[in-house]
Amino acid sequence: MAQWKQLHLHLQYLSSQHLNELYPRNFPMDVRCYLASWIEEQCWDEIINSPDKDARALGILEQLISLLLRISQDSSNVVEKMRLQQISRDMNVYRSQPLQLVKTVQDTLNKERILLNQVLPTSHFPPSPSQASYSPAPSPLPGMAMGPGQADGAWGSQRDAGNRDVDMLVLKVLEIQECRQNIHQMQEDLNWERANFESLQVSLPSLSNGLDAKSSEQVSQLQSRIQQLEFNGQEISKKRVQLLLEAVDCLEHCQARLIQRIKSWRREQHLASIGAPFEDNLGPVQTWCEQLLGVNVKLRQEIILVGRDCPGAERITEMQERLGLLLQTLIQSSLMVDKQPPQVIKTQSKFSTTVRYLLGEKVTPGKPVLLKAQIITEMQARNLGQLGSIPMENVGELINNTAILEHNSSTKSTLATFRNMSIKKIKRADRKGTESVTEEKFALLFSSEINITGCDMPCCMQVISLPIVVIVHGSQDNNALATIIWDCAFSEPDRVPFVVPERVPWKQMCLTLDSKFRLEVQTQRYLDPCNQHFLAQKIFDKPDISGDFSNMMVSWAQFNKEVLPGRAFTFWQWFDGVMELTKKHLKSYWGERLIFGFIGKQQLHLYLQDCPDGTFLLRFSDSEIGGITIAYVAPCENRGRKIQNIQPFTKRDLEIRCLGDRIRDFDFITHVYPNLPKNDVFKKYYTDESQPYNSGYIPISIHTKVAAGETSSPPPSVAETPQDPSVPSSRLNFPPGPLYSTMNPQCNGVFTTSQPFQTHYPADMEVSREPYPNPLSMSPFQDLTQDNPSTTDDMQLDDILGTYEMP
């Protein structure tokens with residue numbers, strides 16, 4: 001119940017929309033509240049991954065309904081009793097699909113942890129029992145980013161604290177102004193009383209004749225009043241100075257909060273490129289900046305007035321210096337890169353970026369502010385310590401690198417938009433060892449000089465963009481993106497530009513891969529523990545380890561420097577290929593959990609070994625970049641069964657024929673794991689292939705076929721066979737026969753050459769005896785796969801593990 005106890009403290013700050021997303025109608029907040037302890041004790045992940053998950057899910061549903069009814073019976077509140085009874089009846093909707101309840105509760109708990117991660121450090125709440133053995137929790141969902149004006153998460157708390165600070169500052173300024181007015185009033189009263197005293201002295205008789213009692217009392221009262229006014233004026237003057245000191249301290253504290261918020265915003269903007277939630281609305285931050293600028297100007301005016309009354313006072317001079325430094329810092333920090341340039345930029349290609357100045361309304365009118373952009377190296381970025389220091393060496397030529405700050409009165413924003421920028425050429429530094437050009441990081445530096453109303457001197461300001469990688473060819477894009485992702489995910493907030501660790505824990509890497517995958521595919525489905533475990537096995541080359549990889553360290557070389565064992569590509573290149581394939585062709589399948597995803601051969605065998613013939617699942621190939629394969633249970637000799645893998649479908653294959661239609665083409669696969677009829681599941685993905693006759697032509701269609709072969713042959717390969725009703729079937733469908741040389745007796749995927757390649761032709765088919773057959777006599781639909789037998793790493797998995805190499 002620890003998670004719920006922490007969460008309910010923050011529910012009041014969430015919007016209605018956010019609460020509805022967190023607790024959907026089919027799992028209301030009432031259930032989460034009343035059964036908080038019981039819910040957090042259940043192993044939801046274990047239920048989903050268990051072989052008898054449906055039975056266990058039904059048992060969980062029965063317990064949940066029973067607990068709700070028990071609580072309703074014990075309640076003395078009639079409204080509460082009726083509400084709980086209604087909810088328990090609503091829960092019966094899950095009886096037909098009890099596993100859906102488990103997934104709903106699991107998803108809700110994950111979203112709660114994400115929300116708590118935004119508000120509290122991770123160590124403040126324990127993981128659920130189901131996640132205690134597996135480290136990576138789901139990374140924040142992009143859809144859970146804060147909406148404009150919502151006090152969600154850490155930013156909401158930060159903004160509330162900032163508002164309180166500003167309110168205190170305004171009150172102190174008003175109090176200081178009131179002191180000044182009181183002092184002015186007292187000074188006027190004192191001047192009046194002194195004038196009266198002087199007039200009284202002139203009108204009184206000579207002191208030698210003595211004063212009567214009445215006159216003596218009048219003089220005494222005037223003297224006492226003058227002394228009291230002088231004393232009160234001194235006390236208020238001291239209070240005024242003390243209030244000024246407190247106000248300057250409070251301003252420093254409040255501005256420190258603001259600077260931290262600006263840094264956090266830039267950090268969130270940095271992390272957004274790997275899928276972290278990001279609220280890009282700078283309106284509240286701009287209001288905060290403008291308020292602090294107004295307070296600073298007023299305090300400097302008050303100090304100037306105090307300095308006239310107490311010239312040369314040391315504390316007054318010190319406060320003036322502090323306020324001047326705060327003002328300079330505020331002006332410099334208010335320049336923000338609102339829309340970052342692409343972090344991978346190809347030379348000679350156009351791009352754009354937008355810079356925003358949060359104090360735009362305070363810029364002195366009349367003189368336009370021109371911002372200039374230049375490209376700088378990592379070393380030059382490190383040397384930007386002193387304000388106003390601009391690198392003299394030009395390391396790249398930027399086209400269209402100037403823009404004017406323009407104020408938009410409707411949006412109340414001041415922006416400089418750099419349109420049609422381009423890097424014409426780049427000067428690279430000397431590389432060390434095996435460092436590639438795609439590992440070299442640059443940045444754009446934006447600088448200008450600005451005049452702010454209320455400031456005596458113009459101020460220099462500058463800001464740098466996020467790191468960028470400059471490439472000269474599209475083939476470098478993938479490796480450059482790996483550099484950017486490593487920089488975004490693993491750099492420290494206040495690092496020296498652009499230092500990154502060489503190694504990171506797998507649990508951080510896993511969160512990054514999950515977040516990036518969901519961002520690119522635009523899906524809410526995250527990588528489950530099985531997917532994550534296989535990725536760990538893949539990057540560490542530990543296929544036989546079934547333990548916890550959480551604290552193992554992943555190096556940059558393992559991520560995108562060294563090729564995977566037995567492959568010609570790196571881990572990132574392979575993972576990026578899967579993302580690209582899923583984003584363009586498999587998004588809906590993935591979102592509906594029709595694709596199992598990343599799975600190793602041991603796990604695959606465990607899932608399918610007890611399934612009937614024809615059961616299949618979809619998994620990503622690990623033998624080539626951007627491929628998805630069908631693993632299915634097939635019969636073999638001696639009434640046994642084997643698990644076979646069809647040659648992976650790539651992006652090009654799915655552009656020709658979608659995955660749903662390819663699955664429909666295979667009659668030997670009938671049920672999606674665990675036991676769902678494939679036609680029920682994939683029916684909506686089938687395309688209507690009926691085409692009307694047009695212009696007298698007979699329509700044709702493309703179908704996916706599996707090459708015939710003996711039991712001992714390698715897994716089937718895929719061939720595209722156009723079907724034409726006008727062509728005799730004997731010329732299209734060849735009789736079964738081995739298309740490959742047979743496998744050796746060890747069944748280890750190594751082919752023997754003892755048997756010659758055999759080609760089987762139909763009996764009624766004429767075979768040309770010419771050295772080069774006449775192309776006009778050949779059928780345009782002739783199956784070319786016999787001339788080019790497919791070779792693949794996808795081998796059949798027999799009952800003995802280890803004789804199987806996954807694609």
# chains A, B, ... in the order shown; residues from 1 in each chain; ligands from 1
$ residues_around --residues "A:Pro98" --least-positions-apart "6" --cutoff "7 Å" --atoms "only C-alpha atoms" --output "MDAnalysis selection string"
chainID A and resid 54 57:58 61
$ write_last_selection --atoms "N, CA, C and O atoms" --output "short mmCIF file (atom, residue, chain, number, x, y, z; two decimals), in the first residue's frame"
data_model
loop_
_atom_site.label_atom_id
_atom_site.label_comp_id
_atom_site.auth_asym_id
_atom_site.auth_seq_id
_atom_site.Cartn_x
_atom_site.Cartn_y
_atom_site.Cartn_z
N ASP A 54 -4.98 -17.65 -17.86
CA ASP A 54 -6.42 -17.40 -17.92
C ASP A 54 -7.11 -17.85 -16.63
O ASP A 54 -7.97 -17.15 -16.10
N ALA A 57 -6.07 -15.53 -13.82
CA ALA A 57 -6.72 -14.22 -13.97
C ALA A 57 -8.17 -14.29 -13.52
O ALA A 57 -8.68 -13.35 -12.88
N LEU A 58 -8.86 -15.39 -13.83
CA LEU A 58 -10.24 -15.55 -13.40
C LEU A 58 -10.33 -15.64 -11.88
O LEU A 58 -11.26 -15.08 -11.26
N LEU A 61 -10.00 -12.17 -10.48
CA LEU A 61 -11.25 -11.43 -10.66
C LEU A 61 -12.27 -11.82 -9.58
O LEU A 61 -12.94 -10.95 -9.01
#
$ residues_around --residues "stretch 228-231 of chain A" --least-positions-apart "2" --cutoff "8 Å" --atoms "only C-alpha atoms" --output "PyMOL selection string"
chain A and resi 186-187+189-190+224-226+233-235
$ select_by_dssp --residues "stretch 322-455 of chain A" --states "strand (DSSP E)" --output "PyMOL selection string"
chain A and resi 335-339+344-346+350-357+370-377+396-399+402-404+406-408+413-426+442-450
$ select_by_dssp --residues "stretch 525-645 of chain A" --states "alpha helix (DSSP H)" --output "MDAnalysis selection string"
chainID A and resid 529:540 556:560 571:581 587:591 601:608
$ closest_residue --among "A:Phe569, A:Tyr526, A:Tyr94, A:Tyr632" --to "A:Gly59" --atoms "only C-alpha atoms"
A:Tyr94
$ closest_residue --among "A:Ile176, A:Leu22, A:Leu109, A:Leu99" --to "A:Ala55" --atoms "only C-alpha atoms"
A:Leu99
